$ cat coords_6.txt   # compact mmCIF, C-alpha atoms
# COMPACT_ATOMS: atom_id res chain seq x y z
CA MET A 1 8.25 19.58 -6.78
CA ILE A 2 5.78 16.84 -7.71
CA HIS A 3 6.62 17.27 -11.37
CA ALA A 4 10.32 17.04 -10.56
CA LEU A 5 9.77 13.70 -8.85
CA SER A 6 7.81 12.33 -11.78
CA LEU A 7 10.82 12.99 -13.98
CA LEU A 8 12.88 10.68 -11.76
CA LEU A 9 10.79 7.64 -12.73
CA VAL A 10 12.73 6.01 -15.50
CA LEU A 11 10.70 2.82 -16.08
CA GLN A 12 8.62 4.31 -18.88
CA GLY A 13 6.10 2.58 -21.14
CA SER A 14 5.38 3.38 -24.77
CA PRO A 15 3.31 6.49 -25.64
CA GLY A 16 -0.30 5.66 -26.23
CA THR A 17 -0.12 2.28 -24.48
CA PRO A 18 -3.53 1.31 -23.02
CA LEU A 19 -3.31 0.94 -19.27
CA GLY A 20 -5.01 -2.47 -18.99
CA VAL A 21 -5.32 -2.14 -15.20
CA GLU A 22 -8.20 -0.92 -13.05
CA PHE A 23 -7.32 1.08 -9.93
CA ARG A 24 -8.81 3.25 -7.20
CA ALA A 25 -6.79 6.38 -6.41
CA PRO A 26 -6.69 7.52 -2.76
CA PRO A 27 -9.42 10.09 -2.02
CA ASP A 28 -8.37 13.71 -2.63
CA TRP A 29 -5.00 12.75 -4.14
CA VAL A 30 -4.04 14.95 -7.09
CA PRO A 31 -3.41 13.42 -10.54
CA VAL A 32 0.08 14.09 -11.92
CA GLU A 33 0.58 14.38 -15.66
CA ALA A 34 2.93 11.55 -16.67
CA PRO A 35 1.52 9.72 -19.73
CA PRO A 36 1.30 6.79 -20.40
CA LEU A 37 1.56 6.28 -16.63
CA ARG A 38 -1.07 7.11 -14.03
CA ALA A 39 0.40 9.05 -11.11
CA PHE A 40 -1.06 10.66 -7.98
CA ALA A 41 0.27 12.77 -5.10
CA PRO A 42 -1.31 13.78 -1.77
CA PRO A 43 -2.69 17.32 -1.75
CA LYS A 44 -0.98 18.79 1.34
CA LEU A 45 2.74 18.13 1.20
CA ALA A 46 5.11 20.56 2.90
CA ARG A 47 7.80 22.34 0.94
CA GLY A 48 10.55 19.88 0.04
CA GLU A 49 8.39 16.78 0.64
CA LEU A 50 7.95 14.39 -2.29
CA LEU A 51 5.50 11.49 -2.48
CA LEU A 52 4.08 9.83 -5.57
CA LEU A 53 1.97 6.76 -6.39
CA THR A 54 2.59 5.54 -9.93
CA LEU A 55 1.03 2.82 -12.07
CA TRP A 56 2.50 1.53 -15.35
CA PRO A 57 0.55 -0.02 -18.25
CA ALA A 58 0.11 -3.79 -18.12
CA GLU A 59 2.52 -5.98 -20.06
CA ARG A 60 2.69 -9.64 -21.04
CA VAL A 61 5.42 -12.15 -20.27
CA ALA A 62 6.25 -15.34 -22.10
CA SER A 63 4.92 -17.54 -19.28
CA PRO A 64 3.62 -17.17 -15.72
CA ASP A 65 7.06 -18.34 -14.52
CA GLY A 66 8.54 -15.19 -16.07
CA PHE A 67 6.86 -12.86 -13.55
CA ALA A 68 9.73 -12.87 -11.03
CA ALA A 69 12.40 -12.29 -13.69
CA TRP A 70 10.34 -9.45 -15.23
CA PHE A 71 9.85 -7.86 -11.82
CA GLU A 72 13.55 -8.01 -10.95
CA ARG A 73 14.43 -6.28 -14.24
CA LYS A 74 12.18 -3.39 -13.22
CA LEU A 75 13.92 -2.71 -9.91
CA ALA A 76 16.66 -0.40 -11.23
CA GLY A 77 16.71 2.00 -14.15
CA PRO A 78 19.60 3.55 -16.12
CA GLY A 79 22.00 5.44 -13.90
CA GLU A 80 20.30 4.35 -10.67
CA THR A 81 22.18 2.92 -7.69
CA VAL A 82 20.29 0.64 -5.33
CA LEU A 83 21.73 1.44 -1.89
CA GLN A 84 19.56 -0.95 0.12
CA GLN A 85 16.84 -3.41 -0.79
CA SER A 86 14.59 -5.70 1.21
CA PRO A 87 14.10 -9.34 0.20
CA LEU A 88 11.34 -9.90 -2.35
CA ASP A 89 7.96 -10.70 -0.78
CA HIS A 90 6.13 -13.20 -3.03
CA ARG A 91 2.54 -13.97 -2.02
CA PRO A 92 -1.09 -14.14 -3.17
CA ALA A 93 -3.42 -11.16 -2.78
CA ASN A 94 -6.93 -10.60 -4.09
CA GLY A 95 -6.68 -13.52 -6.50
CA LEU A 96 -3.41 -12.23 -8.03
CA ASP A 97 0.21 -13.25 -7.76
CA VAL A 98 2.02 -10.37 -6.00
CA LEU A 99 5.67 -9.39 -5.63
CA THR A 100 6.77 -6.47 -3.43
CA VAL A 101 10.10 -4.99 -2.43
CA THR A 102 11.26 -1.85 -0.61
CA GLN A 103 14.33 0.02 -1.86
CA ARG A 104 16.52 2.96 -1.03
CA VAL A 105 17.83 4.27 -4.37
CA ARG A 106 20.08 7.06 -5.57
CA ILE A 107 18.54 8.52 -8.73
CA PRO A 108 20.46 10.68 -11.23
CA GLN A 109 19.93 14.39 -10.46
CA GLY A 110 17.41 13.44 -7.77
CA GLY A 111 19.31 12.34 -4.67
CA GLN A 112 18.05 9.45 -2.55
CA VAL A 113 14.47 8.16 -2.55
CA VAL A 114 12.62 5.30 -0.87
CA ARG A 115 10.42 3.14 -3.09
CA VAL A 116 7.85 0.46 -2.40
CA VAL A 117 7.57 -1.50 -5.66
CA TYR A 118 4.43 -3.61 -6.15
CA GLY A 119 4.01 -6.06 -9.02
CA ILE A 120 0.92 -8.12 -9.91
CA ALA A 121 0.44 -11.03 -12.27
CA ALA A 122 -2.46 -13.09 -13.59
CA GLY A 123 -1.58 -15.69 -16.18
CA ASP A 124 0.83 -14.01 -18.58
CA ARG A 125 -0.31 -10.46 -17.69
CA VAL A 126 1.88 -8.37 -15.40
CA ALA A 127 1.78 -4.80 -14.12
CA LEU A 128 3.86 -2.55 -11.88
CA ALA A 129 2.96 0.12 -9.31
CA MET A 130 5.20 2.13 -7.02
CA LEU A 131 5.16 4.42 -4.00
CA THR A 132 8.13 6.83 -4.15
CA SER A 133 9.22 9.41 -1.57
CA ASN A 134 12.26 11.32 -0.37
CA GLN A 135 11.38 10.76 3.31
CA ASP A 136 10.88 7.51 5.24
CA GLN A 137 8.21 9.03 7.51
CA LEU A 138 6.05 9.89 4.52
CA VAL A 139 6.12 6.25 3.39
CA THR A 140 5.03 5.18 6.86
CA GLY A 141 2.47 7.97 7.27
CA TYR A 142 0.73 7.24 3.98
CA ALA A 143 1.07 3.44 4.22
CA ALA A 144 -2.68 2.80 4.64
CA GLN A 145 -3.59 4.87 1.59
CA ALA A 146 -0.85 3.22 -0.46
CA ARG A 147 -2.13 -0.17 0.63
CA GLY A 148 -5.63 0.68 -0.55
CA PHE A 149 -4.27 1.79 -3.93
CA PHE A 150 -2.18 -1.35 -4.39
CA GLU A 151 -4.97 -3.70 -3.32
CA SER A 152 -7.42 -2.03 -5.72
CA LEU A 153 -5.38 -3.08 -8.77
CA ARG A 154 -7.14 -5.47 -11.16
CA PHE A 155 -6.48 -6.36 -14.78
CA THR A 156 -9.17 -5.21 -17.20
CA GLU A 157 -10.68 -7.71 -19.56
CA ALA A 158 -8.92 -7.87 -22.91
CA ALA A 159 -10.83 -6.27 -25.79
CA PRO A 160 -12.41 -8.84 -28.18
CA GLN A 161 -10.34 -9.52 -31.28
CA ILE A 162 -11.82 -9.65 -34.79
CA ALA A 163 -11.02 -12.98 -36.37
CA GLY A 164 -8.72 -12.84 -39.38
CA PRO A 165 -6.60 -15.23 -41.41
CA PRO A 166 -4.34 -17.38 -39.26
CA ALA A 167 -0.84 -16.02 -38.82
CA PRO A 168 2.00 -18.08 -40.23
CA ARG A 169 3.45 -20.43 -37.63
CA PRO A 170 7.03 -19.51 -36.66
CA PRO A 171 9.66 -22.23 -36.83
CA ALA A 172 9.83 -24.34 -33.71
CA SER A 173 12.53 -23.31 -31.28
CA PRO A 174 14.43 -25.73 -29.05
CA PRO A 175 13.01 -26.06 -25.55
CA GLU A 176 14.51 -23.75 -22.96
CA ARG A 177 17.18 -25.44 -20.88
CA ALA A 178 16.08 -26.00 -17.30
CA ARG A 179 18.18 -23.99 -14.89
CA ALA A 180 20.32 -26.09 -12.58
CA ARG A 181 20.44 -25.01 -8.93
CA THR A 182 23.69 -25.38 -7.04
CA ALA A 183 23.23 -27.27 -3.77
CA ILE A 184 23.73 -25.27 -0.56
CA PRO A 185 25.34 -27.41 2.17
CA ALA A 186 24.08 -27.47 5.73
CA ALA A 187 25.25 -24.39 7.62
CA GLY A 188 28.41 -24.89 9.65
CA PHE A 189 32.18 -24.59 9.45
CA ASP A 190 34.85 -26.47 7.52
CA GLY A 191 37.86 -25.62 9.63
CA THR A 192 37.96 -21.83 9.74
CA GLU A 193 35.62 -21.31 6.77
CA PRO A 194 31.82 -21.07 6.89
CA ARG A 195 29.73 -23.29 4.66
CA GLY A 196 26.05 -23.02 3.83
CA LEU A 197 23.35 -20.42 4.53
CA PHE A 198 23.76 -17.86 7.34
CA TYR A 199 21.34 -15.06 8.22
CA ARG A 200 20.78 -11.92 10.27
CA LEU A 201 17.57 -10.02 11.03
CA GLN A 202 17.13 -6.37 10.09
CA ALA A 203 14.34 -3.80 10.19
CA GLY A 204 12.54 -3.22 6.90
CA LEU A 205 12.83 0.13 5.18
CA GLY A 206 10.06 2.58 6.08
CA SER A 207 8.29 0.21 8.51
CA THR A 208 8.69 -1.84 11.68
CA ARG A 209 8.60 -5.07 9.72
CA MET A 210 11.58 -7.42 10.16
CA GLU A 211 13.36 -8.93 7.18
CA THR A 212 16.14 -11.47 6.65
CA GLN A 213 19.57 -10.75 5.20
CA THR A 214 21.60 -13.78 4.16
CA ARG A 215 25.10 -14.82 3.15
CA ILE A 216 25.68 -18.10 1.33
CA PHE A 217 29.10 -19.80 1.33
CA LEU A 218 29.73 -22.66 -1.11
CA PRO A 219 32.58 -25.20 -0.87
CA SER A 220 33.92 -23.74 -4.15
CA ARG A 221 34.69 -20.58 -2.13
CA ARG A 222 31.90 -18.68 -3.76
CA LEU A 223 30.04 -16.09 -1.66
CA PHE A 224 26.50 -14.81 -2.34
CA ARG A 225 24.85 -11.86 -0.58
CA VAL A 226 21.38 -12.74 -1.88
CA TYR A 227 18.34 -14.48 -0.46
CA PRO A 228 17.83 -17.96 -2.00
CA PHE A 229 14.25 -17.65 -3.17
CA GLY A 230 12.63 -20.86 -4.35
CA GLY A 231 14.13 -23.07 -1.63
CA GLY A 232 16.99 -22.72 0.81
CA ASP A 233 18.76 -25.91 -0.27
CA GLY A 234 19.94 -24.56 -3.62
CA ILE A 235 20.76 -21.36 -5.50
CA ASP A 236 20.52 -20.41 -9.17
CA GLU A 237 24.02 -19.05 -9.79
CA GLU A 238 23.19 -17.90 -13.32
CA ARG A 239 20.66 -15.36 -12.05
CA CYS A 240 22.99 -13.75 -9.52
CA ASN A 241 23.84 -10.12 -10.30
CA PRO A 242 27.61 -9.64 -10.66
CA ASP A 243 27.75 -7.25 -7.68
CA MET A 244 26.05 -9.83 -5.43
CA CYS A 245 28.23 -12.90 -5.97
CA GLY A 246 31.95 -13.54 -6.16
CA GLY A 247 34.96 -15.52 -4.97
CA TYR A 248 36.39 -15.05 -1.49
CA ARG A 249 39.26 -15.98 0.79
CA ILE A 250 39.75 -15.73 4.56
CA ASP A 251 43.08 -14.58 5.97
CA GLY A 252 42.95 -14.56 9.75
CA ALA A 253 40.62 -11.75 10.84
CA TRP A 254 39.80 -10.64 7.28
CA LEU A 255 37.54 -11.88 4.52
CA THR A 256 38.39 -10.58 1.06
CA VAL A 257 35.80 -10.98 -1.70
CA ARG A 258 36.16 -10.13 -5.36
CA TRP A 259 32.67 -9.63 -6.77
CA ASP A 260 31.98 -10.76 -10.31
CA ASN A 261 31.74 -7.11 -11.45
CA GLY A 262 35.43 -6.63 -10.55
CA ASP A 263 34.95 -4.76 -7.25
CA THR A 264 36.93 -5.99 -4.25
CA GLN A 265 35.99 -5.69 -0.56
CA ARG A 266 38.02 -6.47 2.57
CA LEU A 267 35.74 -7.13 5.53
CA SER A 268 36.54 -7.93 9.15
CA PHE A 269 35.64 -11.53 10.00
CA ALA A 270 35.50 -13.50 13.26
CA ARG A 271 33.83 -16.64 14.61
CA SER A 272 31.00 -15.91 17.04
CA GLY A 273 29.60 -19.04 18.66
CA ASP A 274 28.17 -21.20 15.90
CA GLY A 275 28.04 -18.16 13.57
CA PHE A 276 30.34 -15.27 12.69
CA THR A 277 30.57 -11.49 12.56
CA LEU A 278 31.16 -9.90 9.17
CA ASP A 279 32.08 -6.22 9.10
CA GLY A 280 30.41 -5.87 12.52
CA ASP A 281 27.18 -7.71 11.63
CA THR A 282 26.46 -11.06 13.33
CA PHE A 283 25.21 -13.93 11.18
CA GLN A 284 23.75 -17.20 12.51
CA PRO A 285 23.42 -20.57 10.75
CA ALA A 286 20.04 -21.23 9.15
CA ARG A 287 18.23 -24.15 10.75
CA GLY A 288 15.42 -26.11 9.16
CA LEU A 289 12.16 -26.73 11.00
CA GLY A 290 10.89 -30.16 11.96
CA ALA A 291 7.39 -31.13 10.88
CA ALA A 292 5.87 -30.64 14.36
CA GLU A 293 7.80 -27.41 14.97
CA ALA A 294 6.47 -25.81 11.77
CA VAL A 295 2.82 -26.28 12.75
CA GLY A 296 1.12 -23.06 13.83
CA ASP A 297 -0.11 -19.62 12.79
CA TRP A 298 2.67 -17.35 11.52
CA VAL A 299 2.16 -13.59 11.10
CA ASN A 300 4.32 -10.53 10.44
CA PRO A 301 5.38 -9.31 13.90
CA GLY A 302 5.60 -5.55 13.26
CA ASN A 303 2.78 -4.39 11.01
CA ALA A 304 2.38 -0.81 12.27
CA GLY A 305 2.46 1.32 9.15
CA ASN A 306 3.04 -1.68 6.90
CA PRO A 307 0.77 -1.90 3.83
CA PHE A 308 1.51 -5.59 3.24
CA ASP A 309 0.08 -7.86 5.94
CA THR A 310 0.23 -11.61 5.33
CA GLY A 311 -0.34 -14.72 7.37
CA LEU A 312 0.58 -18.40 6.96
CA ARG A 313 -1.14 -21.26 8.81
CA LEU A 314 0.55 -24.66 8.72
CA LYS A 315 -1.64 -27.42 10.13
CA ALA A 316 -0.69 -30.74 11.68
CA ASP A 317 -2.62 -32.64 8.98
CA GLY A 318 -0.29 -31.22 6.30
CA SER A 319 -2.70 -28.59 4.97
CA PHE A 320 -2.07 -24.84 4.84
CA GLU A 321 -3.85 -21.50 4.52
CA TRP A 322 -1.97 -18.47 3.16
CA LYS A 323 -3.58 -15.06 2.95
CA GLY A 324 -2.57 -11.66 1.71
CA GLY A 325 -4.09 -8.33 2.70
CA SER A 326 -7.72 -9.55 2.73
CA GLN A 327 -9.63 -12.74 3.41
CA GLU A 328 -10.57 -13.17 -0.24
CA ALA A 329 -6.89 -13.65 -1.03
CA THR A 330 -6.58 -16.83 1.05
CA LEU A 331 -5.01 -19.79 -0.77
CA ARG A 332 -5.28 -23.37 0.45
CA GLY A 333 -3.69 -26.72 -0.21
CA HIS A 334 -1.17 -29.05 1.38
CA TYR A 335 2.53 -28.64 2.11
CA GLU A 336 5.73 -30.60 2.64
CA LEU A 337 9.06 -29.69 4.24
CA ARG A 338 12.38 -30.55 2.62
CA GLY A 339 15.26 -29.20 4.67
CA LEU A 340 15.19 -25.40 4.23
CA THR A 341 12.46 -25.66 1.58
CA LEU A 342 8.70 -25.47 2.06
CA VAL A 343 6.76 -26.79 -0.96
CA LEU A 344 3.19 -25.52 -1.21
CA HIS A 345 0.83 -27.64 -3.30
CA PHE A 346 -2.10 -25.39 -4.18
CA ALA A 347 -5.70 -26.48 -4.62
CA ASP A 348 -5.56 -25.75 -8.38
CA GLY A 349 -2.93 -28.49 -8.83
CA THR A 350 0.13 -26.23 -9.07
CA SER A 351 3.10 -26.39 -6.69
CA LYS A 352 5.82 -23.96 -5.73
CA PRO A 353 8.89 -24.13 -3.44
CA TYR A 354 9.68 -21.40 -0.90
CA THR A 355 12.57 -20.86 1.50
CA LEU A 356 11.76 -21.50 5.16
CA PHE A 357 14.04 -21.68 8.20
CA ALA A 358 14.05 -20.83 11.90
CA ALA A 359 15.04 -17.20 12.56
CA GLY A 360 16.24 -17.48 16.14
CA ARG A 361 17.83 -19.83 18.66
CA THR A 362 14.71 -20.95 20.55
CA GLN A 363 13.23 -24.40 20.08
CA PRO A 364 10.50 -24.65 19.09
CA ALA A 365 11.04 -21.68 16.81
CA GLY A 366 9.26 -18.46 17.69
CA LEU A 367 10.36 -16.70 14.50
CA ILE A 368 10.78 -17.99 10.95
CA SER A 369 12.15 -16.57 7.74
CA PHE A 370 9.62 -17.28 4.97
CA ASP A 371 10.98 -16.25 1.57
CA GLY A 372 12.84 -13.29 3.09
CA SER A 373 10.20 -11.93 5.47
CA VAL A 374 10.20 -12.64 9.20
CA TYR A 375 7.06 -14.22 10.67
CA ALA A 376 6.29 -14.75 14.37
CA ARG A 377 4.30 -17.55 15.92
CA ARG A 378 0.93 -16.19 16.99
$ encode --input "coords_6.txt" --output "structure tokens"
Amino acid sequence: MIHALSLLLVLQGSPGTPLGVEFRAPPDWVPVEAPPLRAFAPPKLARGELLLLTLWPAERVASPDGFAAWFERKLAGPGETVLQQSPLDHRPANGLDVLTVTQRVRIPQGGQVVRVVYGIAAGDRVALAMLTSNQDQLVTGYAAQARGFFESLRFTEAAPQIAGPPAPRPPASPPERARARTAIPAAGFDGTEPRGLFYRLQAGLGSTRMETQTRIFLPSRRLFRVYPFGGGDGIDEERCNPDMCGGYRIDGAWLTVRWDNGDTQRLSFARSGDGFTLDGDTFQPARGLGAAEAVGDWVNPGNAGNPFDTGLRLKADGSFEWKGGSQEATLRGHYELRGLTLVLHFADGTSKPYTLFAAGRTQPAGLISFDGSVYARR
């Protein structure tokens, strides 16, 4: 059964590729033959239970900014259907840049599986690890051991190169065009039609962690069922998958959307207070936080069985502390709020925007959505 699951992993590297990543396998877990990958399974699974930790060889991307795009390309292989996916969790951990996501996926000839995908980056080096199972309770039950495996990942030092003649310089290429983000209007209604960013809260796959699901309505009658990473005041339309964005119209109690891949959906639609219900799910307008309201300690509210614990402290003096799964991962700097965007200016001189808005009706906010994950005020 373990071997059968290893055949379901379609994100293969090249034979003979050096791993380039240090790791610590969970004690007593059994190695699974899957070169050039490293894979491990717990020793005492019942008949029909499948659980596998997998690590791929390190790769290189053109620039550190390419980490997120590389990670997103790894989230679905040939013939796979992603049935449900949590928002991407982008954070620091153990001195690395980390991206995580939880998926429910239908795999060819393998049925449905749950995957926790974990990507790390340092400079232009990137690597991928994954926890895969056919049962949610196994993901929860082995969460602590998976966490230890993921947090043990480190890039190995590159082997010294023997100097040789300089390589010929390739012809200069034109600079890459900066991507333009389409502005997202403030959430509300234009007559009968919603405009802006609306959200609902949902339980994360395989854990008690809460996550944010969003719908974005533009005045051009474009609808997006994606989370606007990188700031909630704009969206990069060019990076939207064709099954996640499309044109829509509202006819009375129905919203009809034609996704860019050609599929059409007809969903029940009704106003509900200052939000709406869509196919039975209630969405509320996203509200930005004032400077004083944002101050506080924010933590994940349901961490039982969750291998990814993070915390964000926003101070009244404009400084912040952001930690991953251990104290050594804490990053510091100063921050600024711009509508639904939180810009973190790190101590090393770099800056990065994140999406931040209140996830509830109370004022001051007791819950926030921070780049897709729900945090509670401590």
$ residues_around --input "coords_6.txt" --residues "segment 256-258 of chain A" --least-positions-apart "5" --cutoff "9 Å" --atoms "all atoms listed in the file" --output "PDB file with C-alpha atoms, keeping the file's coordinate frame"
ATOM      1  CA  ARG A 222      31.900 -18.680  -3.760  1.00  0.00           C
ATOM      2  CA  LEU A 223      30.040 -16.090  -1.660  1.00  0.00           C
ATOM      3  CA  CYS A 245      28.230 -12.900  -5.970  1.00  0.00           C
ATOM      4  CA  GLY A 246      31.950 -13.540  -6.160  1.00  0.00           C
ATOM      5  CA  GLY A 247      34.960 -15.520  -4.970  1.00  0.00           C
ATOM      6  CA  TYR A 248      36.390 -15.050  -1.490  1.00  0.00           C
ATOM      7  CA  ARG A 249      39.260 -15.980   0.790  1.00  0.00           C
ATOM      8  CA  ILE A 250      39.750 -15.730   4.560  1.00  0.00           C
ATOM      9  CA  ASP A 251      43.080 -14.580   5.970  1.00  0.00           C
ATOM     10  CA  ASP A 263      34.950  -4.760  -7.250  1.00  0.00           C
ATOM     11  CA  THR A 264      36.930  -5.990  -4.250  1.00  0.00           C
ATOM     12  CA  GLN A 265      35.990  -5.690  -0.560  1.00  0.00           C
ATOM     13  CA  ARG A 266      38.020  -6.470   2.570  1.00  0.00           C
ATOM     14  CA  LEU A 267      35.740  -7.130   5.530  1.00  0.00           C
ATOM     15  CA  SER A 268      36.540  -7.930   9.150  1.00  0.00           C
TER      16      SER A 268
END
$ atom_distance --input "coords_6.txt" --atom1 "atom CA of Ala62 of chain A" --atom2 "atom CA of Arg154 of chain A"
19.9 Å
$ closest_residue --input "coords_6.txt" --among "A:Glu293, A:Glu59, A:Glu237, A:Glu151" --to "Leu96 of chain A" --atoms "all atoms listed in the file"
A:Glu151
$ closest_residue --input "coords_6.txt" --among "A:Val21, A:Ile368, A:Met130, A:Ala39" --to "Thr212 of chain A" --atoms "all atoms listed in the file"
A:Ile368
$ residues_around --input "coords_6.txt" --residues "segment 228-232 of chain A" --least-positions-apart "3" --cutoff "6 Å" --atoms "only C-alpha atoms" --output "list in words"
Ile235, Leu340, Thr341, Pro353, Tyr354, Thr355 and Asp371 of chain A
$ residues_near_point --input "coords_6.txt" --point "(31.4, -8.7, 14.3)" --cutoff "8 Å" --atoms "all atoms listed in the file" --output "PDB file with C-alpha atoms, keeping the file's coordinate frame"
ATOM      1  CA  SER A 268      36.540  -7.930   9.150  1.00  0.00           C
ATOM      2  CA  PHE A 269      35.640 -11.530  10.000  1.00  0.00           C
ATOM      3  CA  ALA A 270      35.500 -13.500  13.260  1.00  0.00           C
ATOM      4  CA  SER A 272      31.000 -15.910  17.040  1.00  0.00           C
ATOM      5  CA  PHE A 276      30.340 -15.270  12.690  1.00  0.00           C
ATOM      6  CA  THR A 277      30.570 -11.490  12.560  1.00  0.00           C
ATOM      7  CA  LEU A 278      31.160  -9.900   9.170  1.00  0.00           C
ATOM      8  CA  ASP A 279      32.080  -6.220   9.100  1.00  0.00           C
ATOM      9  CA  GLY A 280      30.410  -5.870  12.520  1.00  0.00           C
ATOM     10  CA  ASP A 281      27.180  -7.710  11.630  1.00  0.00           C
ATOM     11  CA  THR A 282      26.460 -11.060  13.330  1.00  0.00           C
TER      12      THR A 282
END
$ closest_residue --input "coords_6.txt" --among "A:Ala347, A:Ile107, A:Ala316, A:Gly20" --to "Gly77 of chain A" --atoms "all atoms listed in the file"
A:Ile107
$ closest_residue --input "coords_6.txt" --among "A:Glu72, A:Leu83, A:Glu336, A:Pro35" --to "Asn241 of chain A" --atoms "all atoms listed in the file"
A:Glu72
$ residues_around --input "coords_6.txt" --residues "Val114 of chain A" --least-positions-apart "2" --cutoff "10 Å" --atoms "only C-alpha atoms" --output "VMD selection string"
chain A and resid 51 83 to 85 102 to 106 112 116 to 117 131 to 136 138 to 139 205 to 206
$ closest_residue --input "coords_6.txt" --among "A:Asn300, A:Ser351, A:Thr54, A:Gln363" --to "Arg378 of chain A" --atoms "all atoms listed in the file"
A:Asn300
$ closest_residue --input "coords_6.txt" --among "A:Pro194, A:Thr100, A:Asp297, A:Asp260" --to "Lys74 of chain A" --atoms "all atoms listed in the file"
A:Thr100
$ atom_distance --input "coords_6.txt" --atom1 "atom CA of Gly119 of chain A" --atom2 "atom CA of Cys240 of chain A"
20.5 Å
$ residues_around --input "coords_6.txt" --residues "Leu218 of chain A" --least-positions-apart "3" --cutoff "8 Å" --atoms "all atoms listed in the file" --output "PyMOL selection string"
chain A and resi 184-185+195-196+221-223
$ residues_around --input "coords_6.txt" --residues "Gly318 of chain A" --least-positions-apart "6" --cutoff "9 Å" --atoms "only C-alpha atoms" --output "JSON, numbers by chain"
{"A": [291, 295, 333, 334, 335, 336]}
$ atom_distance --input "coords_6.txt" --atom1 "atom CA of Phe149 of chain A" --atom2 "atom CA of Leu37 of chain A"
14.7 Å
$ residues_near_point --input "coords_6.txt" --point "(1.3, 16.3, 5.0)" --cutoff "12 Å" --atoms "all atoms listed in the file" --output "count of residues only"
19
$ decode --input "coords_6.txt" --residues "segment 180-194 of chain A" --atoms "N, CA and C atoms" --output "PDB file, in the first residue's frame"
ATOM      1  N   ALA A 180       0.878  44.740 -13.592  1.00  0.00           N
ATOM      2  CA  ALA A 180      -0.038  45.754 -13.096  1.00  0.00           C
ATOM      3  C   ALA A 180      -1.152  45.070 -12.316  1.00  0.00           C
ATOM      4  N   ARG A 181      -1.469  45.588 -11.133  1.00  0.00           N
ATOM      5  CA  ARG A 181      -2.535  45.046 -10.310  1.00  0.00           C
ATOM      6  C   ARG A 181      -3.791  45.878 -10.532  1.00  0.00           C
ATOM      7  N   THR A 182      -4.893  45.197 -10.741  1.00  0.00           N
ATOM      8  CA  THR A 182      -6.180  45.864 -10.894  1.00  0.00           C
ATOM      9  C   THR A 182      -6.710  46.264  -9.524  1.00  0.00           C
ATOM     10  N   ALA A 183      -7.129  47.523  -9.390  1.00  0.00           N
ATOM     11  CA  ALA A 183      -7.616  48.013  -8.105  1.00  0.00           C
ATOM     12  C   ALA A 183      -8.910  47.310  -7.714  1.00  0.00           C
ATOM     13  N   ILE A 184      -9.025  46.950  -6.439  1.00  0.00           N
ATOM     14  CA  ILE A 184     -10.247  46.371  -5.877  1.00  0.00           C
ATOM     15  C   ILE A 184     -10.973  47.480  -5.133  1.00  0.00           C
ATOM     16  N   PRO A 185     -12.210  47.812  -5.510  1.00  0.00           N
ATOM     17  CA  PRO A 185     -12.926  48.890  -4.813  1.00  0.00           C
ATOM     18  C   PRO A 185     -13.311  48.483  -3.403  1.00  0.00           C
ATOM     19  N   ALA A 186     -13.675  49.474  -2.603  1.00  0.00           N
ATOM     20  CA  ALA A 186     -14.159  49.187  -1.254  1.00  0.00           C
ATOM     21  C   ALA A 186     -15.403  48.308  -1.334  1.00  0.00           C
ATOM     22  N   ALA A 187     -15.516  47.366  -0.409  1.00  0.00           N
ATOM     23  CA  ALA A 187     -16.619  46.408  -0.456  1.00  0.00           C
ATOM     24  C   ALA A 187     -17.952  47.096  -0.192  1.00  0.00           C
ATOM     25  N   GLY A 188     -18.932  46.784  -1.012  1.00  0.00           N
ATOM     26  CA  GLY A 188     -20.263  47.357  -0.874  1.00  0.00           C
ATOM     27  C   GLY A 188     -21.113  46.944  -2.055  1.00  0.00           C
ATOM     28  N   PHE A 189     -22.190  47.687  -2.305  1.00  0.00           N
ATOM     29  CA  PHE A 189     -23.098  47.354  -3.391  1.00  0.00           C
ATOM     30  C   PHE A 189     -23.291  48.554  -4.299  1.00  0.00           C
ATOM     31  N   ASP A 190     -23.364  48.276  -5.598  1.00  0.00           N
ATOM     32  CA  ASP A 190     -23.725  49.255  -6.612  1.00  0.00           C
ATOM     33  C   ASP A 190     -25.093  48.822  -7.136  1.00  0.00           C
ATOM     34  N   GLY A 191     -26.140  49.360  -6.528  1.00  0.00           N
ATOM     35  CA  GLY A 191     -27.470  48.865  -6.845  1.00  0.00           C
ATOM     36  C   GLY A 191     -27.647  47.466  -6.288  1.00  0.00           C
ATOM     37  N   THR A 192     -27.891  46.508  -7.178  1.00  0.00           N
ATOM     38  CA  THR A 192     -28.085  45.122  -6.741  1.00  0.00           C
ATOM     39  C   THR A 192     -26.796  44.306  -6.817  1.00  0.00           C
ATOM     40  N   GLU A 193     -25.715  44.905  -7.314  1.00  0.00           N
ATOM     41  CA  GLU A 193     -24.497  44.132  -7.569  1.00  0.00           C
ATOM     42  C   GLU A 193     -23.415  44.429  -6.544  1.00  0.00           C
ATOM     43  N   PRO A 194     -22.760  43.378  -6.019  1.00  0.00           N
ATOM     44  CA  PRO A 194     -21.660  43.592  -5.072  1.00  0.00           C
ATOM     45  C   PRO A 194     -20.436  44.135  -5.791  1.00  0.00           C
TER      46      PRO A 194
END
